[in-house]
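Asker: I have a structure here, written as structure tokens, and I will follow up with some questions on it.
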Amino acid sequence: MSGIEVCAIPGTMCDERLWSLLTPHIDANIHIRHLDITAEETEEGMLDAIAAAVKPKVHLLGFSMGGYLAMRYALSNAENISSLTVISYSARGLDAREIASRKNMIQWLSHNRYDGMSEMQLSLLMDNESLNNPEIADTILAMDKDLGGKVMLAQLKSTSERPSLMNEISRLKIPVLIAGGENDLKVDVAELREMNTRINNSQLHIVPQCGHMLPLEKPELLAEQLNRFYLSIAP
């Protein structure tokens with residue numbers, strides 16, 4: 001078997017450390033390649049970066065905001081990729097409460113210095129069990145601190161108005177893996193199940209005792225699903 005190349009797109013305020021606990025458990029034949037989009041200031045710039053990085057028939061993976069970008073790219077360029085994996089992402093788009101929260105944050109960031117994520121914001125990203133694991137929290141806080149307010153403002157401005165893609169995803173014919181945390185406060189599990197019913201060639205994996213940060217909270221369980229998925233569809 002030749003190597004399986006996976007292009008991995010991170011979420012808001014995430015860099016390659018998002019995959020740091022996951023990759024040690026990935027099969028040796030699977031190569032996860034992080035795509036850095038933190039320098040891009042518009043959604044179109046992020047999509048162009050994906051287009052420039054994607055080799056023919058690569059496997060595309062996206063987490064949260066990266067899941068949205070990966071889905072958008074796949075719907076327009078399915079012939080260029082072999083499969084799509086979306087983690088902690090709903091094709092229904094952001095709900096009204098999340099959009100309002102982001103608008104308030106954009107307004108605040110436009111006039112104030114960003115001093116990092118609060119404990120309340122951190123708690124919304126993880127299951128209670130994960131909050132007691134300092135390695136997970138420290139990784140999230142370190143990414144947030146290092147990327148800073150400029151990246152936060154650009155990413156919120158460029159990807160907060162996400163249209164629902166739920167009516168379009170049935171067009172996908174490539175294999176699709178949908179994964180999410182059972183206790184994700186940002187993504188409704190019911191919407192993940194709806195995605196699974198709308199996509200003909202899809203698999204759904206809901207991880208118990210897990211919040212939004214699935215690659216960090218439950219890396220071994222996620223790696224198990226990724227290994228099974230990629231190895232089952234590899235030529």
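Following the order of the structure tokens, chains are lettered A, B, ..., residues in each are numbered from 1, and ligands are numbered from 1.
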For the strand (DSSP E or B) assignment from backbone DSSP, which residues of stretch 84-223 of chain A qualify? Please present them as a ChimeraX atom specification.

Answerer: /A:84-87,176-181,202-207

Asker: Near A:Glu191, within 12 Å and counting only C-alpha atoms, which residues show up once chain neighbours fewer than 6 positions away are dropped, as a list in words?

Answerer: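 In the requested form, the answer reads Ser88, Tyr89, Ser90, Ala91, Arg92, Gly93, Leu94, Asp95, Ser164, Leu165, Met166, Ile178, Ala179, Gly180, Glu182, Asp184, Thr197, Arg198, Leu204 and Ile206 of chain A.
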
Asker: Find the residues near stretch 209-224 of chain A: any atom within 9 Å, counting only C-alpha atoms, skip ones fewer than 6 places away on the same chain, and give them as a ChimeraX atom specification.

Answerer: /A:18-27,63-64,87-88,124-130,133,135-136,139-140,179-187

Asker: Given only C-alpha atoms, how would the per-residue table for stretch 54-115 of chain A near stretch 40-44 of chain A read, listing every residue at most 12 Å away with its closest atom pair and distance in Å to one decimal, sorted by chain and number, as JSON lines?

Answerer:
{"residue": "A:Met65", "atom": "CA", "partner": "A:Glu43", "partner_atom": "CA", "distance": 10.3}
{"residue": "A:Gly66", "atom": "CA", "partner": "A:Glu43", "partner_atom": "CA", "distance": 10.7}
{"residue": "A:Tyr68", "atom": "CA", "partner": "A:Glu43", "partner_atom": "CA", "distance": 10.3}
{"residue": "A:Leu69", "atom": "CA", "partner": "A:Glu43", "partner_atom": "CA", "distance": 8.0}
{"residue": "A:Ala70", "atom": "CA", "partner": "A:Glu43", "partner_atom": "CA", "distance": 11.5}
{"residue": "A:Arg72", "atom": "CA", "partner": "A:Glu43", "partner_atom": "CA", "distance": 10.4}
{"residue": "A:Tyr73", "atom": "CA", "partner": "A:Glu44", "partner_atom": "CA", "distance": 10.4}

Asker: Which residues are near A:Asn196? Cut-off 10 Å, only C-alpha atoms, ignore same chain within fewer than 3 positions. Put them as a ChimeraX atom specification.

Answerer: /A:169-170,176-178,190-193,199-205

Asker: Write out as a PyMOL selection string each polymer residue whose atoms come within 9 Å of stretch 78-84 of chain A, counting only C-alpha atoms; drop sequence neighbours fewer than 3 positions from it.

Answerer: chain A and resi 54-62+70-71+73-75+172-178+230+233

Asker: Those residues you just picked out, can you put them in a file as a PDB file, in the first residue's frame with N, CA and C atoms?

Answerer:
ATOM      1  N   VAL A  54      -3.609  21.345  -1.996  1.00  0.00           N
ATOM      2  CA  VAL A  54      -4.193  20.035  -2.273  1.00  0.00           C
ATOM      3  C   VAL A  54      -3.585  19.431  -3.535  1.00  0.00           C
ATOM      4  N   LYS A  55      -3.032  18.237  -3.363  1.00  0.00           N
ATOM      5  CA  LYS A  55      -2.538  17.474  -4.510  1.00  0.00           C
ATOM      6  C   LYS A  55      -3.682  16.605  -5.035  1.00  0.00           C
ATOM      7  N   PRO A  56      -3.606  16.167  -6.297  1.00  0.00           N
ATOM      8  CA  PRO A  56      -4.688  15.348  -6.845  1.00  0.00           C
ATOM      9  C   PRO A  56      -4.970  14.126  -5.985  1.00  0.00           C
ATOM     10  N   LYS A  57      -6.245  13.922  -5.684  1.00  0.00           N
ATOM     11  CA  LYS A  57      -6.728  12.750  -4.954  1.00  0.00           C
ATOM     12  C   LYS A  57      -6.239  12.676  -3.517  1.00  0.00           C
ATOM     13  N   VAL A  58      -5.916  13.810  -2.924  1.00  0.00           N
ATOM     14  CA  VAL A  58      -5.564  13.841  -1.509  1.00  0.00           C
ATOM     15  C   VAL A  58      -6.833  13.628  -0.681  1.00  0.00           C
ATOM     16  N   HIS A  59      -6.657  13.218   0.550  1.00  0.00           N
ATOM     17  CA  HIS A  59      -7.773  13.099   1.493  1.00  0.00           C
ATOM     18  C   HIS A  59      -7.829  14.398   2.290  1.00  0.00           C
ATOM     19  N   LEU A  60      -8.995  15.012   2.359  1.00  0.00           N
ATOM     20  CA  LEU A  60      -9.143  16.315   2.994  1.00  0.00           C
ATOM     21  C   LEU A  60      -9.815  16.144   4.355  1.00  0.00           C
ATOM     22  N   LEU A  61      -9.226  16.763   5.380  1.00  0.00           N
ATOM     23  CA  LEU A  61      -9.764  16.693   6.739  1.00  0.00           C
ATOM     24  C   LEU A  61      -9.863  18.107   7.296  1.00  0.00           C
ATOM     25  N   GLY A  62     -10.975  18.414   7.965  1.00  0.00           N
ATOM     26  CA  GLY A  62     -11.121  19.731   8.550  1.00  0.00           C
ATOM     27  C   GLY A  62     -11.756  19.656   9.918  1.00  0.00           C
ATOM     28  N   ALA A  70     -13.258  22.875   4.478  1.00  0.00           N
ATOM     29  CA  ALA A  70     -13.075  21.617   3.754  1.00  0.00           C
ATOM     30  C   ALA A  70     -14.350  21.221   3.023  1.00  0.00           C
ATOM     31  N   MET A  71     -15.493  21.417   3.684  1.00  0.00           N
ATOM     32  CA  MET A  71     -16.761  21.081   3.046  1.00  0.00           C
ATOM     33  C   MET A  71     -17.017  21.981   1.839  1.00  0.00           C
ATOM     34  N   TYR A  73     -14.802  23.485  -0.017  1.00  0.00           N
ATOM     35  CA  TYR A  73     -13.892  23.100  -1.084  1.00  0.00           C
ATOM     36  C   TYR A  73     -14.368  21.803  -1.749  1.00  0.00           C
ATOM     37  N   ALA A  74     -14.769  20.829  -0.951  1.00  0.00           N
ATOM     38  CA  ALA A  74     -15.177  19.539  -1.493  1.00  0.00           C
ATOM     39  C   ALA A  74     -16.410  19.661  -2.381  1.00  0.00           C
ATOM     40  N   LEU A  75     -17.340  20.518  -2.011  1.00  0.00           N
ATOM     41  CA  LEU A  75     -18.557  20.665  -2.810  1.00  0.00           C
ATOM     42  C   LEU A  75     -18.264  21.246  -4.188  1.00  0.00           C
ATOM     43  N   LEU A 172     -22.390  15.122  -2.619  1.00  0.00           N
ATOM     44  CA  LEU A 172     -21.089  14.488  -2.427  1.00  0.00           C
ATOM     45  C   LEU A 172     -21.171  12.985  -2.705  1.00  0.00           C
ATOM     46  N   LYS A 173     -20.276  12.505  -3.536  1.00  0.00           N
ATOM     47  CA  LYS A 173     -20.223  11.077  -3.859  1.00  0.00           C
ATOM     48  C   LYS A 173     -18.974  10.401  -3.293  1.00  0.00           C
ATOM     49  N   ILE A 174     -18.026  11.202  -2.835  1.00  0.00           N
ATOM     50  CA  ILE A 174     -16.805  10.657  -2.246  1.00  0.00           C
ATOM     51  C   ILE A 174     -17.104  10.133  -0.839  1.00  0.00           C
ATOM     52  N   PRO A 175     -16.262   9.238  -0.304  1.00  0.00           N
ATOM     53  CA  PRO A 175     -16.448   8.789   1.079  1.00  0.00           C
ATOM     54  C   PRO A 175     -16.290   9.953   2.053  1.00  0.00           C
ATOM     55  N   VAL A 176     -17.181  10.031   3.037  1.00  0.00           N
ATOM     56  CA  VAL A 176     -17.172  11.107   4.023  1.00  0.00           C
ATOM     57  C   VAL A 176     -17.236  10.513   5.431  1.00  0.00           C
ATOM     58  N   LEU A 177     -16.365  10.991   6.293  1.00  0.00           N
ATOM     59  CA  LEU A 177     -16.402  10.634   7.708  1.00  0.00           C
ATOM     60  C   LEU A 177     -16.803  11.869   8.496  1.00  0.00           C
ATOM     61  N   ILE A 178     -17.819  11.728   9.343  1.00  0.00           N
ATOM     62  CA  ILE A 178     -18.301  12.795  10.209  1.00  0.00           C
ATOM     63  C   ILE A 178     -18.025  12.384  11.646  1.00  0.00           C
ATOM     64  N   TYR A 230      -9.572   5.504   6.617  1.00  0.00           N
ATOM     65  CA  TYR A 230      -8.610   5.672   5.513  1.00  0.00           C
ATOM     66  C   TYR A 230      -8.110   4.343   4.972  1.00  0.00           C
ATOM     67  N   ILE A 233     -10.652   2.617   2.601  1.00  0.00           N
ATOM     68  CA  ILE A 233     -10.919   3.189   1.271  1.00  0.00           C
ATOM     69  C   ILE A 233      -9.646   3.334   0.447  1.00  0.00           C
TER      70      ILE A 233
END

Asker: Skip A:Leu141 itself and residues of its chain fewer than 6 positions away, then list as a PyMOL selection string all residues within 9 Å of it, counting only C-alpha atoms.

Answerer: chain A and resi 116-117+122

Asker: Atoms to include: all heavy atoms. Write the selected residues as a JSON list (two decimals), in the first residue's frame.

Answerer:
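again.json was written with the following content:
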[["chain", "number", "residue", "atom", "x", "y", "z"],
["A", 116, "GLY", "N", -6.22, 37.06, 25.70],
["A", 116, "GLY", "CA", -6.32, 35.61, 25.77],
["A", 116, "GLY", "C", -7.69, 35.11, 26.18],
["A", 116, "GLY", "O", -8.56, 35.86, 26.63],
["A", 117, "MET", "N", -7.87, 33.81, 26.05],
["A", 117, "MET", "CA", -9.13, 33.15, 26.32],
["A", 117, "MET", "C", -9.44, 33.13, 27.82],
["A", 117, "MET", "O", -8.56, 32.87, 28.64],
["A", 117, "MET", "CB", -9.04, 31.71, 25.78],
["A", 117, "MET", "CG", -10.31, 30.91, 25.87],
["A", 117, "MET", "SD", -10.07, 29.22, 25.25],
["A", 117, "MET", "CE", -9.55, 29.53, 23.55],
["A", 122, "LEU", "N", -12.93, 28.77, 27.70],
["A", 122, "LEU", "CA", -12.26, 27.47, 27.67],
["A", 122, "LEU", "C", -13.22, 26.36, 28.06],
["A", 122, "LEU", "O", -13.25, 25.29, 27.43],
["A", 122, "LEU", "CB", -11.05, 27.49, 28.60],
["A", 122, "LEU", "CG", -10.20, 26.21, 28.66],
["A", 122, "LEU", "CD1", -9.55, 25.94, 27.30],
["A", 122, "LEU", "CD2", -9.14, 26.33, 29.75]]

Asker: What lies within 7 Å of A:Ile32 using only C-alpha atoms, ignoring chain neighbours under 6 positions off, as a PyMOL selection string?

Answerer: chain A and resi 5-8

Asker: Record the distance separating atom CA of A:Asp48 and atom CA of A:Thr159, expressed in Å with one decimal.

Answerer: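 Between these atoms lies a distance of 14.2 Å.
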
Asker: Using only C-alpha atoms for the distances, tell me which of A:Ala137, A:Gln107, A:His31, A:Thr12 is nearest to A:Leu231.

Answerer: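 Counting only C-alpha atoms, the residue closest to A:Leu231 is A:His31.
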